[in-house]
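Peer 1: Input start.txt, format and content: compact mmCIF, C-alpha atoms and all ligand atoms.
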```
# COMPACT_ATOMS: atom_id res chain seq x y z
CA MET A 1 -150.98 5.54 3.08
CA ALA A 2 -148.71 4.39 5.90
CA HIS A 3 -146.14 3.14 3.39
CA VAL A 4 -145.58 6.64 1.96
CA ALA A 5 -143.65 8.68 4.46
CA LEU A 6 -144.32 12.39 4.54
CA GLN A 7 -140.87 13.84 4.75
CA ASP A 8 -139.45 17.29 5.36
CA THR A 9 -135.93 16.36 4.43
CA ALA A 10 -136.27 14.13 1.36
CA PRO A 11 -133.43 14.85 -1.06
CA GLY A 12 -135.89 15.40 -3.87
CA LEU A 13 -138.26 17.60 -1.92
CA GLY A 14 -138.66 20.71 -4.00
CA GLY A 15 -135.30 20.23 -5.72
CA LEU A 16 -136.12 17.65 -8.37
CA LEU A 17 -139.60 19.10 -8.89
CA TYR A 18 -138.03 22.50 -9.44
CA GLU A 19 -135.58 21.02 -11.93
CA ARG A 20 -138.37 19.24 -13.80
CA TYR A 21 -140.38 22.45 -14.25
CA ARG A 22 -137.74 25.15 -13.67
CA GLU A 23 -140.26 27.10 -11.65
CA ALA A 24 -141.29 27.18 -8.03
CA VAL A 25 -143.77 24.42 -7.24
CA ASP A 26 -145.72 23.60 -4.10
CA ASN A 27 -144.03 21.21 -1.73
CA PRO A 28 -145.04 17.65 -2.62
CA ILE A 29 -147.38 15.83 -0.27
CA ALA A 30 -144.89 12.98 0.10
CA TRP A 31 -141.62 11.74 -1.28
CA SER A 32 -139.89 8.42 -1.89
CA GLU A 33 -136.72 6.94 -3.38
CA THR A 34 -138.79 5.89 -6.39
CA LEU A 35 -139.75 9.53 -7.00
CA ASP A 36 -136.07 10.45 -6.79
CA VAL A 37 -135.38 8.06 -9.67
CA LEU A 38 -138.44 9.03 -11.74
CA LEU A 39 -138.06 12.77 -11.41
CA GLY A 40 -134.29 12.56 -11.77
CA HIS A 41 -134.56 10.95 -15.22
CA ARG A 42 -132.42 12.32 -18.00
CA SER A 43 -131.40 10.77 -21.32
CA VAL A 44 -127.68 10.05 -21.42
CA ARG A 45 -125.79 10.46 -24.70
CA ALA A 46 -122.19 10.19 -23.43
CA TYR A 47 -120.94 6.88 -21.99
CA LEU A 48 -117.83 5.26 -20.59
CA PRO A 49 -116.81 2.12 -22.47
CA ASP A 50 -116.87 0.10 -19.20
CA ALA A 51 -118.66 -3.24 -19.28
CA LEU A 52 -121.85 -3.70 -17.27
CA PRO A 53 -121.75 -6.06 -14.28
CA GLU A 54 -122.57 -9.67 -15.17
CA GLY A 55 -126.30 -10.29 -14.88
CA THR A 56 -127.34 -6.72 -15.67
CA VAL A 57 -129.32 -7.73 -18.76
CA GLU A 58 -131.23 -10.40 -16.85
CA LEU A 59 -132.03 -7.97 -14.02
CA LEU A 60 -133.29 -5.31 -16.44
CA VAL A 61 -135.41 -7.88 -18.27
CA ALA A 62 -136.90 -9.06 -14.95
CA ALA A 63 -137.87 -5.43 -14.22
CA ALA A 64 -139.32 -5.15 -17.74
CA GLN A 65 -141.32 -8.36 -17.32
CA SER A 66 -142.71 -6.99 -14.06
CA ALA A 67 -144.63 -4.27 -15.90
CA ALA A 68 -148.34 -4.79 -16.40
CA SER A 69 -149.30 -6.64 -19.57
CA SER A 70 -152.57 -6.36 -21.50
CA SER A 71 -154.51 -9.60 -20.75
CA ASN A 72 -151.10 -10.94 -19.69
CA LEU A 73 -150.38 -11.63 -23.38
CA GLN A 74 -146.73 -10.56 -22.92
CA PRO A 75 -146.49 -9.71 -26.62
CA TRP A 76 -142.91 -8.44 -26.66
CA SER A 77 -139.33 -9.65 -26.77
CA VAL A 78 -136.00 -7.91 -26.50
CA VAL A 79 -132.66 -8.47 -28.24
CA ALA A 80 -129.59 -7.61 -26.17
CA VAL A 81 -126.86 -6.46 -28.55
CA GLU A 82 -123.32 -6.26 -27.20
CA ASP A 83 -121.25 -7.16 -30.27
CA PRO A 84 -119.43 -3.95 -31.33
CA ASP A 85 -119.82 -4.69 -35.06
CA ARG A 86 -123.57 -5.26 -34.78
CA LYS A 87 -123.92 -2.15 -32.60
CA ALA A 88 -122.03 -0.19 -35.28
CA ARG A 89 -124.38 -1.41 -38.00
CA LEU A 90 -127.44 -0.58 -35.89
CA ALA A 91 -125.97 2.83 -35.01
CA ALA A 92 -125.57 3.55 -38.72
CA LEU A 93 -129.16 2.45 -39.41
CA ALA A 94 -130.38 4.72 -36.61
CA GLY A 95 -128.80 7.79 -38.21
CA ASN A 96 -125.23 7.42 -36.88
CA GLN A 97 -126.02 7.83 -33.21
CA ALA A 98 -122.55 7.55 -31.65
CA HIS A 99 -123.79 6.70 -28.14
CA ILE A 100 -124.98 3.29 -29.42
CA LEU A 101 -121.34 2.48 -30.15
CA GLN A 102 -119.97 4.03 -26.99
CA ALA A 103 -122.17 2.19 -24.50
CA PRO A 104 -121.71 -1.55 -23.83
CA LEU A 105 -125.37 -2.55 -24.30
CA PHE A 106 -128.05 -1.84 -26.86
CA LEU A 107 -131.45 -3.37 -26.10
CA VAL A 108 -133.81 -3.61 -29.07
CA TRP A 109 -137.42 -3.83 -27.92
CA LEU A 110 -139.69 -5.86 -30.16
CA VAL A 111 -143.44 -6.00 -30.59
CA ASP A 112 -143.60 -9.78 -30.86
CA LEU A 113 -146.82 -11.31 -32.20
CA ASN A 114 -144.83 -14.26 -33.59
CA ARG A 115 -144.82 -16.12 -30.28
CA LEU A 116 -148.63 -16.12 -30.02
CA THR A 117 -148.94 -16.99 -33.72
CA SER A 118 -146.66 -20.02 -33.19
CA ILE A 119 -148.51 -21.12 -30.06
CA GLY A 120 -151.81 -20.90 -31.96
CA LYS A 121 -150.36 -23.06 -34.73
CA ALA A 122 -149.03 -25.62 -32.26
CA LEU A 123 -152.44 -25.83 -30.55
CA ASP A 124 -154.20 -25.76 -33.93
CA VAL A 125 -156.36 -22.78 -32.96
CA PRO A 126 -156.85 -19.56 -34.93
CA THR A 127 -155.05 -16.35 -33.90
CA ASP A 128 -156.86 -14.05 -36.31
CA ALA A 129 -157.29 -11.25 -33.77
CA LEU A 130 -153.53 -10.68 -34.10
CA HIS A 131 -154.13 -9.24 -37.59
CA TYR A 132 -156.00 -6.23 -36.25
CA LEU A 133 -154.55 -2.80 -35.58
CA GLU A 134 -155.65 -3.23 -31.94
CA SER A 135 -153.19 -6.11 -31.51
CA PHE A 136 -150.31 -4.07 -32.91
CA LEU A 137 -151.26 -1.19 -30.64
CA LEU A 138 -151.54 -3.52 -27.66
CA GLY A 139 -148.12 -4.97 -28.47
CA SER A 140 -146.62 -1.48 -28.76
CA ILE A 141 -148.16 -0.37 -25.46
CA ASP A 142 -146.88 -3.43 -23.59
CA THR A 143 -143.43 -3.16 -25.16
CA ALA A 144 -143.14 0.50 -24.13
CA LEU A 145 -144.30 -0.19 -20.57
CA ALA A 146 -141.77 -3.00 -20.27
CA ALA A 147 -138.91 -0.92 -21.66
CA GLN A 148 -139.72 1.99 -19.36
CA SER A 149 -139.60 -0.34 -16.36
CA ALA A 150 -136.13 -1.43 -17.50
CA VAL A 151 -135.16 2.26 -17.78
CA VAL A 152 -136.30 2.97 -14.23
CA ALA A 153 -134.45 -0.12 -12.99
CA ALA A 154 -131.25 0.90 -14.81
CA GLU A 155 -131.43 4.47 -13.51
CA SER A 156 -132.06 3.21 -9.96
CA LEU A 157 -128.73 1.36 -10.26
CA GLY A 158 -126.91 4.51 -11.39
CA LEU A 159 -126.80 3.49 -15.05
CA GLY A 160 -127.75 5.79 -17.92
CA THR A 161 -130.07 5.11 -20.83
CA VAL A 162 -131.39 6.71 -23.98
CA TYR A 163 -134.15 5.43 -26.21
CA THR A 164 -133.47 5.12 -29.93
CA GLY A 165 -136.54 5.64 -32.08
CA GLY A 166 -134.05 6.19 -34.91
CA ILE A 167 -134.06 2.45 -35.64
CA ARG A 168 -137.52 2.93 -37.18
CA ASN A 169 -135.88 4.99 -39.95
CA LYS A 170 -134.71 1.72 -41.55
CA PRO A 171 -137.08 -0.95 -40.21
CA LEU A 172 -136.48 -3.56 -42.92
CA GLU A 173 -132.70 -3.35 -42.54
CA VAL A 174 -133.02 -3.56 -38.73
CA SER A 175 -135.28 -6.63 -39.09
CA GLU A 176 -132.72 -8.26 -41.33
CA GLU A 177 -129.83 -7.41 -38.99
CA LEU A 178 -131.65 -9.04 -36.06
CA ASP A 179 -133.08 -12.00 -38.02
CA LEU A 180 -136.61 -11.04 -37.02
CA PRO A 181 -139.33 -13.44 -38.18
CA PRO A 182 -142.68 -12.18 -39.55
CA HIS A 183 -145.03 -10.54 -37.02
CA VAL A 184 -142.12 -9.04 -35.09
CA PHE A 185 -141.27 -5.33 -35.19
CA ALA A 186 -138.34 -3.47 -33.66
CA LEU A 187 -140.19 -0.64 -31.91
CA PHE A 188 -137.17 1.22 -30.51
CA GLY A 189 -133.71 0.65 -29.11
CA LEU A 190 -132.39 1.48 -25.68
CA VAL A 191 -128.77 2.34 -25.01
CA VAL A 192 -127.61 1.29 -21.53
CA GLY A 193 -124.27 2.08 -19.93
CA HIS A 194 -122.26 4.00 -17.38
CA PRO A 195 -122.77 7.74 -17.90
CA ASP A 196 -119.55 9.61 -18.70
CA PRO A 197 -119.07 11.92 -15.69
CA ALA A 198 -117.14 14.34 -17.94
CA ALA A 199 -120.33 15.09 -19.90
CA PRO A 200 -123.15 14.96 -17.36
CA ALA A 201 -126.71 15.24 -18.66
CA ALA A 202 -129.13 17.51 -16.83
CA VAL A 203 -132.83 17.05 -16.09
CA LYS A 204 -134.72 18.44 -19.09
CA PRO A 205 -137.68 20.57 -18.08
CA ARG A 206 -141.16 19.60 -19.15
CA LEU A 207 -144.25 21.60 -20.06
CA PRO A 208 -145.95 23.26 -17.11
CA GLN A 209 -148.73 21.09 -15.73
CA GLN A 210 -151.28 23.73 -16.72
CA ALA A 211 -150.63 22.65 -20.34
CA VAL A 212 -151.11 18.92 -19.75
CA LEU A 213 -153.33 18.34 -16.72
CA PHE A 214 -157.11 18.54 -17.03
CA ARG A 215 -159.60 17.70 -14.35
CA GLU A 216 -162.78 15.74 -15.00
CA HIS A 217 -162.89 16.58 -18.71
CA TYR A 218 -160.84 18.18 -21.46
CA GLN A 219 -161.25 21.95 -21.64
CA ALA A 220 -160.51 24.38 -24.46
CA ARG A 221 -157.42 26.15 -23.24
CA ASP A 222 -155.08 28.88 -24.39
CA PHE A 223 -151.66 27.23 -24.39
CA ALA A 224 -149.81 30.43 -25.34
CA GLN A 225 -148.66 31.46 -21.86
CA PRO A 226 -147.44 28.08 -20.54
CA VAL A 227 -145.80 27.26 -23.87
CA ALA A 228 -144.01 30.63 -24.01
CA ALA A 229 -142.76 30.03 -20.47
CA TYR A 230 -141.61 26.54 -21.47
CA ASP A 231 -139.83 27.86 -24.58
CA ARG A 232 -137.79 30.15 -22.32
CA ARG A 233 -137.01 27.38 -19.83
CA LEU A 234 -135.89 24.98 -22.53
CA ARG A 235 -133.56 27.62 -23.99
CA THR A 236 -132.01 28.07 -20.54
CA PHE A 237 -131.59 24.28 -20.30
CA GLN A 238 -129.99 24.15 -23.76
CA SER A 239 -127.54 26.95 -23.03
CA GLY A 240 -126.58 25.20 -19.77
CA GLN A 241 -125.88 22.00 -21.74
CA GLY A 242 -123.90 23.84 -24.44
CA LEU A 243 -126.60 23.03 -27.00
CA PRO A 244 -127.94 25.39 -29.66
CA GLU A 245 -130.85 27.35 -28.22
CA ARG A 246 -134.19 26.63 -29.82
CA GLY A 247 -137.65 27.08 -28.33
CA TRP A 248 -139.75 23.95 -27.83
CA SER A 249 -142.71 25.18 -29.89
CA GLU A 250 -140.45 25.75 -32.91
CA GLN A 251 -138.64 22.42 -32.39
CA ALA A 252 -141.82 20.41 -31.87
CA THR A 253 -143.73 21.90 -34.80
CA THR A 254 -140.73 21.34 -37.08
CA ARG A 255 -140.80 17.67 -36.04
CA VAL A 256 -144.47 17.31 -37.06
CA ARG A 257 -144.61 19.64 -40.07
CA GLY A 258 -145.11 16.91 -42.67
CA PRO A 259 -144.13 13.46 -43.89
CA GLU A 260 -140.66 14.68 -44.85
CA ALA A 261 -140.02 15.29 -41.13
CA LEU A 262 -140.52 11.60 -40.36
CA SER A 263 -137.07 10.45 -41.59
CA GLY A 264 -138.55 7.71 -43.79
CA ARG A 265 -141.12 6.60 -41.21
CA ASP A 266 -143.95 7.97 -43.34
CA ARG A 267 -143.79 4.56 -45.08
CA LEU A 268 -144.27 2.65 -41.84
CA LYS A 269 -147.72 1.24 -42.62
CA GLU A 270 -146.40 -0.24 -45.86
CA VAL A 271 -143.33 -1.64 -44.09
CA LEU A 272 -145.42 -3.17 -41.30
CA GLU A 273 -147.51 -4.95 -43.92
CA LEU A 274 -144.30 -6.33 -45.45
CA LEU A 275 -143.33 -7.58 -41.98
CA GLY A 276 -146.59 -9.50 -41.69
CA PHE A 277 -148.77 -7.03 -39.77
CA GLU A 278 -152.12 -6.65 -41.53
CA LEU A 279 -153.35 -3.81 -39.27
CA ALA A 280 -156.96 -4.61 -40.18
C1 LIG B 301 -139.61 6.28 -27.97
C2 LIG B 301 -138.46 7.28 -27.86
C3 LIG B 301 -137.54 7.35 -28.88
C4 LIG B 301 -136.44 8.21 -28.78
N1 LIG B 301 -135.49 8.21 -29.76
C5 LIG B 301 -134.36 8.92 -29.59
C6 LIG B 301 -133.30 8.82 -30.55
O1 LIG B 301 -133.40 8.13 -31.57
N2 LIG B 301 -132.15 9.51 -30.29
C7 LIG B 301 -131.99 10.28 -29.17
O2 LIG B 301 -130.91 10.86 -28.99
N3 LIG B 301 -132.97 10.40 -28.24
C8 LIG B 301 -134.14 9.73 -28.42
N4 LIG B 301 -135.14 9.79 -27.48
C9 LIG B 301 -134.93 10.59 -26.25
C10 LIG B 301 -135.75 11.88 -26.26
O3 LIG B 301 -135.15 12.80 -27.15
C11 LIG B 301 -135.75 12.43 -24.83
O4 LIG B 301 -136.41 11.52 -23.98
C12 LIG B 301 -136.47 13.78 -24.75
O5 LIG B 301 -135.75 14.77 -25.45
C13 LIG B 301 -136.62 14.23 -23.32
O6 LIG B 301 -135.34 14.30 -22.71
P1 LIG B 301 -135.01 13.47 -21.39
O7 LIG B 301 -135.25 12.03 -21.68
O8 LIG B 301 -133.55 13.76 -21.10
O9 LIG B 301 -135.89 13.99 -20.32
C14 LIG B 301 -136.28 9.02 -27.62
C15 LIG B 301 -137.25 8.96 -26.61
C16 LIG B 301 -138.32 8.10 -26.73
C17 LIG B 301 -139.35 8.05 -25.62
```
Please rewrite the model in this file as structure tokens.
Peer 2:
Amino acid sequence: MAHVALQDTAPGLGGLLYERYREAVDNPIAWSETLDVLLGHRSVRAYLPDALPEGTVELLVAAAQSAASSSNLQPWSVVAVEDPDRKARLAALAGNQAHILQAPLFLVWLVDLNRLTSIGKALDVPTDALHYLESFLLGSIDTALAAQSAVVAAESLGLGTVYTGGIRNKPLEVSEELDLPPHVFALFGLVVGHPDPAAPAAVKPRLPQQAVLFREHYQARDFAQPVAAYDRRLRTFQSGQGLPERGWSEQATTRVRGPEALSGRDRLKEVLELLGFELA
């Protein structure tokens, strides 16, 4: 592991790990600039209107295309939206998320099975496997891996980002807005811009590792203690950010209580079929 320097003085040593968990953690075995970026992640919802440097989109897409891809099928595309009117329409469709308007760039990440369908047609070979749920899942996995690589790239350059799952509230309208052909689905958006230093976002703590990390096999576990600790830490985070205080367990269970909590996405299977995905 010669390429990973063990450091005593890394800026993230202890600090970013503490912020991520809001509790004392053992010193990491090593540190790197990449870990600084990964552990320093925070979603940004306040942006300056400043334009991005020329070539930013292409650089982020190169980072995205560098992610692994299932069987190298590369079953995704991305639409870079910079036109203020189109951003405004997409912001409205995503539940009036103001940061989409504020920031200069909105990337819409697409599961794209159209490209392979077209190539199959051109070569006169069947592409029936694309009609199976597995292909939609594969496309979603690859799209998410690609987008996350773009997020890490953007954050490494000092830019801010926030994902926008809200565009799945109105998938047909989003498809129409972006002229998507059949077999293409807008999985989520990604706002990219310069964070507004007047409203800095903080690192949001995560569940203690004792709630998420198993060794060798899954074990029945009492989550009460780590979740109670996390509820307290998230409240502290919220009060520091001037947000209403609400424990994670209450927030998360409200979000999964039933189809009415899905903001219209309970119809997604039906909508996907309309968009040409058979999900067999
Ligand atoms: C796929 C996905 C969709 C998301 N959609 C939204 C969204 O529509 N609006 C929003 O403000 N944040 C959205 N988020 C951001 C999450 O709320 C955020 O990542 C989470 O609260 C953790 O906070 P952090 O990213 O600052 O660590 C989304 C995140 C993901 C991964």
Peer 1: Out of A:Phe106, A:Phe188, A:Tyr47, A:Phe237, which residue has the shortest atom-to-atom distance to ligand LIG 301 (chain B) when counting all atoms listed in the file?
Peer 2: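 Comparing A:Phe106, A:Phe188, A:Tyr47, A:Phe237 against ligand LIG 301 (chain B), the winner is A:Phe188.
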Peer 1: What does the distance between CA of Arg45 in chain A and CA of Ala63 in chain A come to in Å, to one decimal place?
Peer 2: 22.5 Å
Peer 1: Which residues are near range 20-23 of chain A? Cut-off 8 Å, only C-alpha atoms, ignore same chain within fewer than 4 positions. Put them as a count of residues only.
Peer 2: 9
Peer 1: For ligand LIG 301 (chain B), collect every residue having any atom at a distance of at most 10 Å from a ligand atom (counting only C-alpha atoms and all ligand atoms); output as a PyMOL selection string.
Peer 2: chain A and resi 20+39-45+91+94-100+144+147-148+161-169+187-191+201-206
Peer 1: Applying 12 Å and only C-alpha atoms, which residues near Ser66 in chain A remain after dropping the ones on its own chain fewer than 3 positions away? List them as a list in words.
Peer 2: Leu59, Leu60, Val61, Ala62, Ala63, Ser69, Asn72, Gln74, Asp142, Thr143, Leu145, Ala146, Ala147, Gln148, Ser149, Ala150, Val152 and Ala153 of chain A
Peer 1: Complete the atoms of range 108-119 of chain A to N, CA, C and O atoms and put them out as a PDB file, keeping the file's coordinate frame.
Peer 2:
```
ATOM      1  N   VAL A 108    -132.818  -3.915 -28.033  1.00  0.00           N
ATOM      2  CA  VAL A 108    -133.810  -3.610 -29.070  1.00  0.00           C
ATOM      3  C   VAL A 108    -135.133  -4.252 -28.645  1.00  0.00           C
ATOM      4  O   VAL A 108    -135.231  -5.477 -28.488  1.00  0.00           O
ATOM      5  N   TRP A 109    -136.123  -3.401 -28.447  1.00  0.00           N
ATOM      6  CA  TRP A 109    -137.420  -3.830 -27.920  1.00  0.00           C
ATOM      7  C   TRP A 109    -138.357  -4.145 -29.075  1.00  0.00           C
ATOM      8  O   TRP A 109    -138.556  -3.319 -29.972  1.00  0.00           O
ATOM      9  N   LEU A 110    -138.918  -5.346 -29.026  1.00  0.00           N
ATOM     10  CA  LEU A 110    -139.690  -5.860 -30.160  1.00  0.00           C
ATOM     11  C   LEU A 110    -141.154  -6.069 -29.803  1.00  0.00           C
ATOM     12  O   LEU A 110    -141.464  -6.721 -28.801  1.00  0.00           O
ATOM     13  N   VAL A 111    -142.049  -5.553 -30.638  1.00  0.00           N
ATOM     14  CA  VAL A 111    -143.440  -6.000 -30.590  1.00  0.00           C
ATOM     15  C   VAL A 111    -143.404  -7.402 -31.188  1.00  0.00           C
ATOM     16  O   VAL A 111    -142.984  -7.579 -32.336  1.00  0.00           O
ATOM     17  N   ASP A 112    -143.773  -8.404 -30.406  1.00  0.00           N
ATOM     18  CA  ASP A 112    -143.600  -9.780 -30.860  1.00  0.00           C
ATOM     19  C   ASP A 112    -144.949 -10.518 -30.871  1.00  0.00           C
ATOM     20  O   ASP A 112    -145.395 -11.050 -29.843  1.00  0.00           O
ATOM     21  N   LEU A 113    -145.568 -10.538 -32.048  1.00  0.00           N
ATOM     22  CA  LEU A 113    -146.820 -11.310 -32.200  1.00  0.00           C
ATOM     23  C   LEU A 113    -146.514 -12.681 -32.803  1.00  0.00           C
ATOM     24  O   LEU A 113    -147.424 -13.479 -33.043  1.00  0.00           O
ATOM     25  N   ASN A 114    -145.235 -12.959 -33.044  1.00  0.00           N
ATOM     26  CA  ASN A 114    -144.830 -14.260 -33.590  1.00  0.00           C
ATOM     27  C   ASN A 114    -145.037 -15.384 -32.583  1.00  0.00           C
ATOM     28  O   ASN A 114    -145.468 -16.486 -32.928  1.00  0.00           O
ATOM     29  N   ARG A 115    -144.734 -15.069 -31.304  1.00  0.00           N
ATOM     30  CA  ARG A 115    -144.820 -16.120 -30.280  1.00  0.00           C
ATOM     31  C   ARG A 115    -146.262 -16.646 -30.176  1.00  0.00           C
ATOM     32  O   ARG A 115    -146.503 -17.854 -30.188  1.00  0.00           O
ATOM     33  N   LEU A 116    -147.230 -15.691 -30.127  1.00  0.00           N
ATOM     34  CA  LEU A 116    -148.630 -16.120 -30.020  1.00  0.00           C
ATOM     35  C   LEU A 116    -149.098 -16.819 -31.295  1.00  0.00           C
ATOM     36  O   LEU A 116    -149.885 -17.773 -31.242  1.00  0.00           O
ATOM     37  N   THR A 117    -148.593 -16.339 -32.448  1.00  0.00           N
ATOM     38  CA  THR A 117    -148.940 -16.990 -33.720  1.00  0.00           C
ATOM     39  C   THR A 117    -148.467 -18.441 -33.689  1.00  0.00           C
ATOM     40  O   THR A 117    -149.204 -19.373 -34.052  1.00  0.00           O
ATOM     41  N   SER A 118    -147.225 -18.655 -33.237  1.00  0.00           N
ATOM     42  CA  SER A 118    -146.660 -20.020 -33.190  1.00  0.00           C
ATOM     43  C   SER A 118    -147.420 -20.908 -32.218  1.00  0.00           C
ATOM     44  O   SER A 118    -147.683 -22.087 -32.497  1.00  0.00           O
ATOM     45  N   ILE A 119    -147.790 -20.320 -31.064  1.00  0.00           N
ATOM     46  CA  ILE A 119    -148.510 -21.120 -30.060  1.00  0.00           C
ATOM     47  C   ILE A 119    -149.873 -21.528 -30.623  1.00  0.00           C
ATOM     48  O   ILE A 119    -150.311 -22.682 -30.474  1.00  0.00           O
TER      49      ILE A 119
END
```
